[in-house]
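Peer 1: Data: query-v2.cif, mmCIF, C-alpha atoms.
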```cif
data_coords
loop_
_atom_site.label_atom_id
_atom_site.label_comp_id
_atom_site.auth_asym_id
_atom_site.auth_seq_id
_atom_site.Cartn_x
_atom_site.Cartn_y
_atom_site.Cartn_z
CA MET A 1 126.58 -145.35 -66.04
CA ASP A 2 126.47 -149.11 -66.58
CA VAL A 3 123.49 -150.91 -65.08
CA LEU A 4 125.39 -154.18 -64.70
CA THR A 5 128.88 -154.95 -63.46
CA ASP A 6 130.89 -157.86 -64.84
CA GLU A 7 130.32 -159.63 -61.52
CA ARG A 8 126.55 -159.27 -61.84
CA VAL A 9 126.60 -160.57 -65.40
CA ARG A 10 128.55 -163.63 -64.22
CA LYS A 11 126.09 -164.15 -61.37
CA PHE A 12 123.15 -164.04 -63.79
CA ARG A 13 124.78 -166.52 -66.14
CA ASP A 14 125.65 -168.83 -63.26
CA GLU A 15 122.35 -168.76 -61.35
CA GLY A 16 119.84 -167.91 -64.10
CA TYR A 17 118.37 -164.87 -62.36
CA LEU A 18 119.54 -161.58 -60.88
CA VAL A 19 117.96 -159.00 -58.55
CA LEU A 20 118.77 -155.34 -59.27
CA GLU A 21 117.42 -152.91 -56.70
CA GLU A 22 116.42 -149.29 -57.52
CA PHE A 23 116.11 -149.75 -61.28
CA LEU A 24 113.14 -147.35 -61.35
CA ASP A 25 112.44 -144.61 -58.84
CA SER A 26 109.23 -144.35 -56.83
CA LYS A 27 107.66 -141.72 -59.12
CA GLU A 28 108.23 -143.88 -62.21
CA CYS A 29 106.56 -146.83 -60.47
CA ASP A 30 103.61 -144.69 -59.38
CA ALA A 31 103.15 -143.35 -62.91
CA LEU A 32 103.01 -146.86 -64.36
CA ARG A 33 100.48 -147.95 -61.74
CA ALA A 34 98.34 -144.85 -62.28
CA ARG A 35 98.27 -145.40 -66.04
CA MET A 36 97.27 -149.03 -65.58
CA LYS A 37 94.48 -147.96 -63.24
CA GLU A 38 93.13 -145.77 -66.05
CA ILE A 39 93.36 -148.60 -68.57
CA VAL A 40 91.51 -151.03 -66.31
CA GLU A 41 88.79 -148.51 -65.45
CA ASN A 42 88.10 -148.10 -69.17
CA MET A 43 88.46 -151.71 -70.26
CA ASP A 44 85.59 -153.61 -71.83
CA VAL A 45 86.15 -157.36 -71.75
CA PRO A 46 83.16 -159.42 -72.97
CA ALA A 47 82.06 -162.15 -70.57
CA HIS A 48 83.04 -164.95 -72.96
CA CYS A 49 86.59 -163.56 -73.09
CA ARG A 50 87.12 -163.52 -69.32
CA ILE A 51 89.51 -166.43 -69.05
CA GLN A 52 92.09 -167.30 -66.43
CA PHE A 53 95.83 -167.33 -67.05
CA SER A 54 97.71 -170.31 -65.64
CA THR A 55 101.06 -172.07 -65.99
CA GLU A 56 99.65 -175.33 -64.60
CA HIS A 57 99.26 -178.04 -67.26
CA GLU A 58 95.60 -179.06 -67.00
CA GLU A 59 94.32 -175.58 -66.09
CA GLN A 60 96.14 -174.07 -69.06
CA LEU A 61 94.62 -176.50 -71.54
CA LYS A 62 91.14 -176.04 -70.09
CA ALA A 63 91.16 -172.24 -69.98
CA GLN A 64 93.63 -170.58 -72.36
CA GLY A 65 93.98 -173.52 -74.71
CA SER A 66 90.30 -173.37 -75.61
CA ALA A 67 90.06 -169.61 -76.06
CA ASP A 68 90.66 -167.75 -79.31
CA TYR A 69 90.90 -164.56 -77.20
CA PHE A 70 94.09 -165.99 -75.68
CA ILE A 71 95.71 -167.50 -78.74
CA THR A 72 95.33 -164.26 -80.76
CA SER A 73 96.62 -162.00 -77.98
CA GLY A 74 100.28 -161.79 -78.99
CA ASP A 75 100.06 -158.40 -80.74
CA LYS A 76 97.27 -156.82 -78.68
CA ILE A 77 96.60 -155.46 -75.20
CA ARG A 78 94.29 -158.03 -73.65
CA PHE A 79 93.23 -158.93 -70.13
CA PHE A 80 93.45 -162.34 -68.46
CA PHE A 81 91.93 -163.24 -65.10
CA GLU A 82 94.40 -165.38 -63.17
CA LYS A 83 92.54 -166.30 -59.98
CA GLY A 84 92.04 -162.65 -59.14
CA VAL A 85 94.89 -161.27 -61.24
CA PHE A 86 94.70 -159.29 -64.48
CA ASP A 87 97.43 -159.74 -67.10
CA ASP A 88 97.80 -157.42 -70.10
CA LYS A 89 99.86 -158.25 -73.19
CA ALA A 90 101.62 -156.00 -75.74
CA LEU A 91 101.84 -152.93 -73.48
CA HIS A 92 105.38 -152.39 -74.79
CA ALA A 93 104.02 -151.78 -78.29
CA TYR A 94 100.79 -149.83 -77.79
CA GLU A 95 101.01 -147.90 -74.51
CA PRO A 96 103.38 -144.89 -74.77
CA LEU A 97 104.38 -144.82 -71.09
CA TYR A 98 105.13 -148.54 -70.99
CA LYS A 99 106.88 -148.34 -74.34
CA SER A 100 109.18 -145.61 -73.03
CA VAL A 101 110.15 -147.70 -70.00
CA THR A 102 110.64 -150.87 -72.06
CA HIS A 103 112.92 -149.14 -74.56
CA SER A 104 114.61 -146.79 -72.11
CA PRO A 105 118.37 -146.10 -72.25
CA LYS A 106 118.78 -148.05 -68.98
CA VAL A 107 117.16 -151.15 -70.46
CA GLN A 108 119.19 -150.77 -73.65
CA ASN A 109 122.39 -150.44 -71.63
CA MET A 110 121.54 -153.54 -69.60
CA VAL A 111 120.74 -155.59 -72.69
CA LYS A 112 123.99 -154.53 -74.34
CA GLN A 113 125.95 -155.58 -71.26
CA LEU A 114 124.28 -158.99 -71.45
CA GLY A 115 125.71 -159.38 -74.94
CA LEU A 116 122.55 -159.19 -77.05
CA LYS A 117 123.19 -157.95 -80.60
CA LYS A 118 119.68 -157.60 -82.06
CA PRO A 119 117.24 -157.61 -79.14
CA VAL A 120 113.49 -157.55 -79.74
CA ILE A 121 110.58 -157.43 -77.30
CA VAL A 122 108.34 -160.45 -77.78
CA GLN A 123 105.80 -160.05 -74.98
CA SER A 124 104.83 -157.89 -72.01
CA MET A 125 102.42 -158.17 -69.09
CA TYR A 126 101.14 -156.20 -66.15
CA ILE A 127 100.38 -158.45 -63.18
CA PHE A 128 98.31 -157.18 -60.27
CA LYS A 129 98.60 -160.06 -57.76
CA GLN A 130 95.80 -158.63 -55.65
CA PRO A 131 95.76 -159.00 -51.83
CA GLY A 132 94.15 -162.19 -50.63
CA ILE A 133 93.22 -163.46 -54.10
CA GLY A 134 96.39 -163.13 -56.20
CA GLY A 135 96.90 -166.72 -57.33
CA GLU A 136 99.85 -169.07 -57.15
CA VAL A 137 102.05 -169.38 -60.23
CA THR A 138 103.31 -172.96 -60.31
CA PRO A 139 106.93 -173.89 -61.13
CA HIS A 140 107.68 -173.32 -64.79
CA GLN A 141 110.24 -172.15 -67.34
CA ASP A 142 109.42 -169.20 -69.59
CA ALA A 143 110.91 -170.99 -72.61
CA THR A 144 108.03 -173.47 -72.33
CA PHE A 145 105.81 -170.70 -73.69
CA LEU A 146 108.41 -168.61 -75.57
CA TYR A 147 110.37 -171.27 -77.41
CA THR A 148 113.36 -170.52 -79.62
CA GLU A 149 116.00 -172.47 -81.49
CA PRO A 150 118.56 -172.48 -80.13
CA LEU A 151 117.39 -172.17 -76.54
CA GLY A 152 118.84 -169.54 -74.24
CA ARG A 153 117.74 -166.56 -76.35
CA VAL A 154 114.94 -165.20 -74.15
CA ILE A 155 115.36 -163.09 -71.00
CA GLY A 156 112.55 -161.91 -68.73
CA VAL A 157 112.62 -158.43 -67.19
CA TRP A 158 110.40 -158.28 -64.09
CA ILE A 159 109.96 -154.82 -62.52
CA ALA A 160 108.39 -154.51 -59.06
CA LEU A 161 106.05 -151.51 -58.93
CA GLU A 162 105.43 -152.32 -55.27
CA ASP A 163 107.49 -154.24 -52.73
CA ALA A 164 107.52 -157.96 -53.59
CA THR A 165 107.78 -159.84 -50.30
CA LEU A 166 107.56 -163.35 -48.93
CA ASP A 167 103.98 -162.59 -47.86
CA ASN A 168 102.57 -161.11 -51.06
CA GLY A 169 104.06 -163.51 -53.60
CA CYS A 170 107.66 -162.67 -54.51
CA LEU A 171 109.46 -164.87 -57.03
CA TRP A 172 111.28 -168.05 -56.02
CA PHE A 173 114.02 -169.66 -58.15
CA ILE A 174 116.03 -172.85 -58.39
CA PRO A 175 119.51 -171.40 -58.98
CA GLY A 176 121.35 -173.01 -61.88
CA SER A 177 118.27 -174.81 -63.21
CA HIS A 178 118.59 -172.96 -66.53
CA LYS A 179 121.49 -175.23 -67.50
CA SER A 180 119.38 -178.36 -67.99
CA GLY A 181 117.13 -177.36 -70.89
CA ILE A 182 113.33 -177.54 -70.78
CA THR A 183 110.99 -180.44 -70.11
CA ARG A 184 107.86 -179.26 -71.93
CA ARG A 185 106.65 -176.88 -74.65
CA MET A 186 103.32 -175.22 -75.19
CA VAL A 187 102.41 -175.31 -78.89
CA ARG A 188 99.55 -174.25 -81.12
CA THR A 189 97.47 -177.13 -82.40
CA SER A 190 96.18 -177.54 -85.95
CA LYS A 191 93.56 -175.08 -87.13
CA GLU A 192 89.95 -175.84 -86.21
CA THR A 193 91.00 -178.26 -83.48
CA TYR A 194 90.47 -177.88 -79.73
CA PRO A 195 92.11 -177.13 -77.46
CA LEU A 196 93.92 -174.43 -79.46
CA THR A 197 97.14 -175.18 -77.58
CA ASP A 198 98.71 -178.32 -76.18
CA PHE A 199 101.85 -179.34 -74.32
CA ILE A 200 104.70 -181.49 -75.53
CA GLY A 201 106.23 -183.13 -72.46
CA ARG A 202 105.44 -182.46 -68.80
CA GLU A 203 106.76 -180.15 -66.11
CA GLN A 204 108.92 -182.27 -63.83
CA ASN A 205 108.45 -182.38 -60.08
CA HIS A 206 110.80 -180.07 -58.21
CA ASP A 207 112.19 -180.40 -54.71
CA GLU A 208 110.71 -177.50 -52.73
CA LYS A 209 113.93 -177.22 -50.74
CA LEU A 210 115.80 -176.13 -53.88
CA PHE A 211 113.77 -172.93 -54.32
CA VAL A 212 115.33 -169.67 -53.12
CA PRO A 213 113.19 -166.54 -52.57
CA ALA A 214 113.96 -163.31 -54.42
CA PRO A 215 112.16 -160.50 -52.59
CA VAL A 216 112.67 -157.07 -54.14
CA LYS A 217 111.78 -153.53 -53.16
CA LYS A 218 109.56 -151.19 -55.17
CA GLY A 219 111.46 -150.11 -58.27
CA GLY A 220 113.70 -153.17 -58.24
CA LEU A 221 114.17 -155.43 -61.25
CA VAL A 222 114.63 -159.18 -61.58
CA LEU A 223 116.34 -160.62 -64.66
CA ILE A 224 115.03 -164.09 -65.52
CA HIS A 225 116.76 -166.54 -67.86
CA GLY A 226 114.22 -168.21 -70.13
CA GLU A 227 115.03 -171.67 -68.81
CA VAL A 228 115.40 -171.07 -65.08
CA VAL A 229 112.69 -172.77 -62.99
CA HIS A 230 110.72 -170.27 -60.94
CA ARG A 231 107.39 -169.84 -59.20
CA SER A 232 105.47 -167.50 -56.92
CA ALA A 233 103.08 -168.28 -54.09
CA GLN A 234 99.55 -167.01 -53.61
CA ASN A 235 99.27 -163.51 -52.19
CA THR A 236 97.90 -164.08 -48.69
CA SER A 237 98.78 -160.59 -47.45
CA ASP A 238 96.79 -157.35 -47.28
CA HIS A 239 99.00 -155.72 -49.93
CA SER A 240 99.02 -156.09 -53.71
CA ARG A 241 102.18 -157.00 -55.65
CA GLN A 242 101.94 -155.11 -58.92
CA VAL A 243 104.55 -155.85 -61.55
CA TYR A 244 105.40 -154.83 -65.10
CA THR A 245 107.25 -157.57 -66.93
CA PHE A 246 108.43 -158.14 -70.48
CA HIS A 247 110.58 -160.60 -72.42
CA ILE A 248 113.52 -159.79 -74.66
CA MET A 249 114.78 -162.14 -77.36
CA GLU A 250 118.13 -162.13 -79.13
CA SER A 251 116.92 -162.20 -82.74
CA GLN A 252 120.31 -162.63 -84.38
CA ASP A 253 120.71 -166.24 -85.57
CA THR A 254 117.54 -167.19 -83.65
CA HIS A 255 114.45 -169.00 -84.88
CA TRP A 256 111.23 -167.95 -83.12
CA SER A 257 108.92 -170.94 -83.19
CA PRO A 258 105.72 -170.34 -85.21
CA GLU A 259 104.07 -172.75 -82.76
CA ASN A 260 104.39 -170.21 -79.92
CA TRP A 261 101.16 -168.56 -78.81
#
```
Let me see the structure of the file written as structure tokens.
Peer 2:
Amino acid sequence: MDVLTDERVRKFRDEGYLVLEEFLDSKECDALRARMKEIVENMDVPAHCRIQFSTEHEEQLKAQGSADYFITSGDKIRFFFEKGVFDDKALHAYEPLYKSVTHSPKVQNMVKQLGLKKPVIVQSMYIFKQPGIGGEVTPHQDATFLYTEPLGRVIGVWIALEDATLDNGCLWFIPGSHKSGITRRMVRTSKETYPLTDFIGREQNHDEKLFVPAPVKKGGLVLIHGEVVHRSAQNTSDHSRQVYTFHIMESQDTHWSPENW
């Protein structure tokens, strides 16, 4: 059975994001959360590697941009502290349970319906967004960090392992904002220079009234165009908002920038 209808594909292409409820069932979500609990309980992150993840310009340069632990994380499972939130990278490649979900027939069917010919997974994260301390993610475009030529080749897949609500930090989007390109890029700097990353350009100011919330129930999925502007608020509730997310790139006739982190 097809995951997407033609109408849903058109909606995604028009608005730059799409909410799909009931992509995973409750047991699948619980299994992913339980496995992550095991990983975290056994993790060993040296104190000097405990950096915060941020999309905000100055915070990013100060924290991630000065840390080798961050810049070399692309092909490893590593942990980032984002104002009370852990992020892990490369789960899709090294964790069997997450790998099976990432490459599942449902995901493959969805990607095919979106028209990708040679899709590859370029990055994955598990985001805890803990109650009371899960930090704000400021407005940004994923292509700022995952840059390709041409643009428009990266799609985010964001799976809610718990309900994502207005209170615990669901995503907010500016519909149609993916049609205007990007305003900044994060790039690696020259070897032996600090910070290890820098930005070309600046994130523009966005009218708050343009953002539309995208709450989603446990097991739901949000498709995110690489250039759509989105954000999430701080989790001020008593409930966590755990998410597994990964990014897919169309590799056919696409140049992945070597300046990406």
Peer 1: Which of these residues is nearest to A:Ser257, using only C-alpha atoms: A:Arg241, A:Arg188, A:Lys117, A:His206?
Peer 2: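 Selected residue with least distance to A:Ser257: A:Arg188.
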Peer 1: Of the residues A:Glu38, A:Glu250, A:Glu21, A:Glu227, which is the one nearest to A:Ala214, using only C-alpha atoms?
Peer 2: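 Checking each candidate against A:Ala214, we get A:Glu21 as the closest.
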Peer 1: In Å, with one decimal, what is the gap from atom CA of A:Tyr147 to atom CA of A:Thr193?
Peer 2: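 The value is 21.5 Å.
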Peer 1: Mind telling me what the PyMOL selection byres ((chain A and resi 164) around 6) catches here, as a list of chain:residue names?
Peer 2: A:Asp163, A:Thr165, A:Cys170, A:Pro215, A:Val216, A:Arg241
Peer 1: Save the residues we just selected, C-alpha atoms, as an mmCIF file, in the coordinates of the input?
Peer 2:
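Ended up saving to part_4.cif:
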```
data_model
loop_
_atom_site.group_PDB
_atom_site.id
_atom_site.type_symbol
_atom_site.label_atom_id
_atom_site.label_comp_id
_atom_site.auth_asym_id
_atom_site.auth_seq_id
_atom_site.Cartn_x
_atom_site.Cartn_y
_atom_site.Cartn_z
ATOM 1 C CA ASP A 163 107.490 -154.240 -52.730
ATOM 2 C CA THR A 165 107.780 -159.840 -50.300
ATOM 3 C CA CYS A 170 107.660 -162.670 -54.510
ATOM 4 C CA PRO A 215 112.160 -160.500 -52.590
ATOM 5 C CA VAL A 216 112.670 -157.070 -54.140
ATOM 6 C CA ARG A 241 102.180 -157.000 -55.650
#
```
Peer 1: Identify which of the residues A:Lys129, A:His140, A:His247, A:His225 lies closest to A:Arg184, counting only C-alpha atoms when measuring atom-to-atom distances.
Peer 2: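 Ranking A:Lys129, A:His140, A:His247, A:His225 by distance to A:Arg184, first place goes to A:His140.
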Peer 1: Would you mind listing what lies within 12 Å of A:Gly132 as a ChimeraX atom specification, with all atoms listed in the file counted and same-chain residues fewer than 4 positions away left out?
Peer 2: /A:83-85,128,136,167-169,233-241
Peer 1: Stretch 84-121 of chain A near stretch 8-14 of chain A within 12 Å: what's each residue's closest atom pair and its distance in Å to one decimal, counting only C-alpha atoms, ordered by chain then ascending residue number, as a Markdown table?
Peer 2:
```
| residue | atom | partner | partner_atom | distance |
| --- | --- | --- | --- | --- |
| A:Met110 | CA | A:Val9 | CA | 9.6 |
| A:Val111 | CA | A:Val9 | CA | 10.6 |
| A:Lys112 | CA | A:Val9 | CA | 11.1 |
| A:Gln113 | CA | A:Val9 | CA | 7.7 |
| A:Leu114 | CA | A:Val9 | CA | 6.7 |
| A:Gly115 | CA | A:Val9 | CA | 9.7 |
```
Peer 1: Go through A:Lys218, A:Ala31, A:Val229, A:Leu166 and flag the residue nearest A:Lys179, using only C-alpha atoms for the distances.
Peer 2: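 Result for the nearest residue to A:Lys179: A:Val229.
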Peer 1: Nearest to A:Gly181 among A:Pro119, A:Gly219, A:Gly16, A:Gly152, with distances taken over all atoms listed in the file: which residue is it?
Peer 2: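 Answer, going by the shortest atom-to-atom distance: A:Gly152.
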Peer 1: Could you spell out the hits of the PyMOL selection byres ((chain A and resi 201) around 6) on the shown file, as a PyMOL selection string?
Peer 2: chain A and resi 183-184+200+202
Peer 1: Based on the selection just made, write C-alpha atoms of those residues as an mmCIF file, keeping the file's coordinate frame.
Peer 2:
```
data_model
loop_
_atom_site.group_PDB
_atom_site.id
_atom_site.type_symbol
_atom_site.label_atom_id
_atom_site.label_comp_id
_atom_site.auth_asym_id
_atom_site.auth_seq_id
_atom_site.Cartn_x
_atom_site.Cartn_y
_atom_site.Cartn_z
ATOM 1 C CA THR A 183 110.990 -180.440 -70.110
ATOM 2 C CA ARG A 184 107.860 -179.260 -71.930
ATOM 3 C CA ILE A 200 104.700 -181.490 -75.530
ATOM 4 C CA ARG A 202 105.440 -182.460 -68.800
#
```
Peer 1: Smallest atom-to-atom distance to A:Gln130: which of A:Leu24, A:Val212, A:Leu221, A:Val243, using all atoms listed in the file?
Peer 2: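 Checking each candidate against A:Gln130, we get A:Val243 as the closest.
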Peer 1: Please compute the atom CA of A:Trp261-atom CA of A:Ala143 distance, one decimal, in Å.
Peer 2: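 Spanning atom CA of A:Trp261 to atom CA of A:Ala143 is a straight-line distance of 11.8 Å.
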Peer 1: Report, in Å to a single decimal, how far apart atom CA of A:Pro150 and atom CA of A:Ile248 are.
Peer 2: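 It comes out at 14.7 Å.
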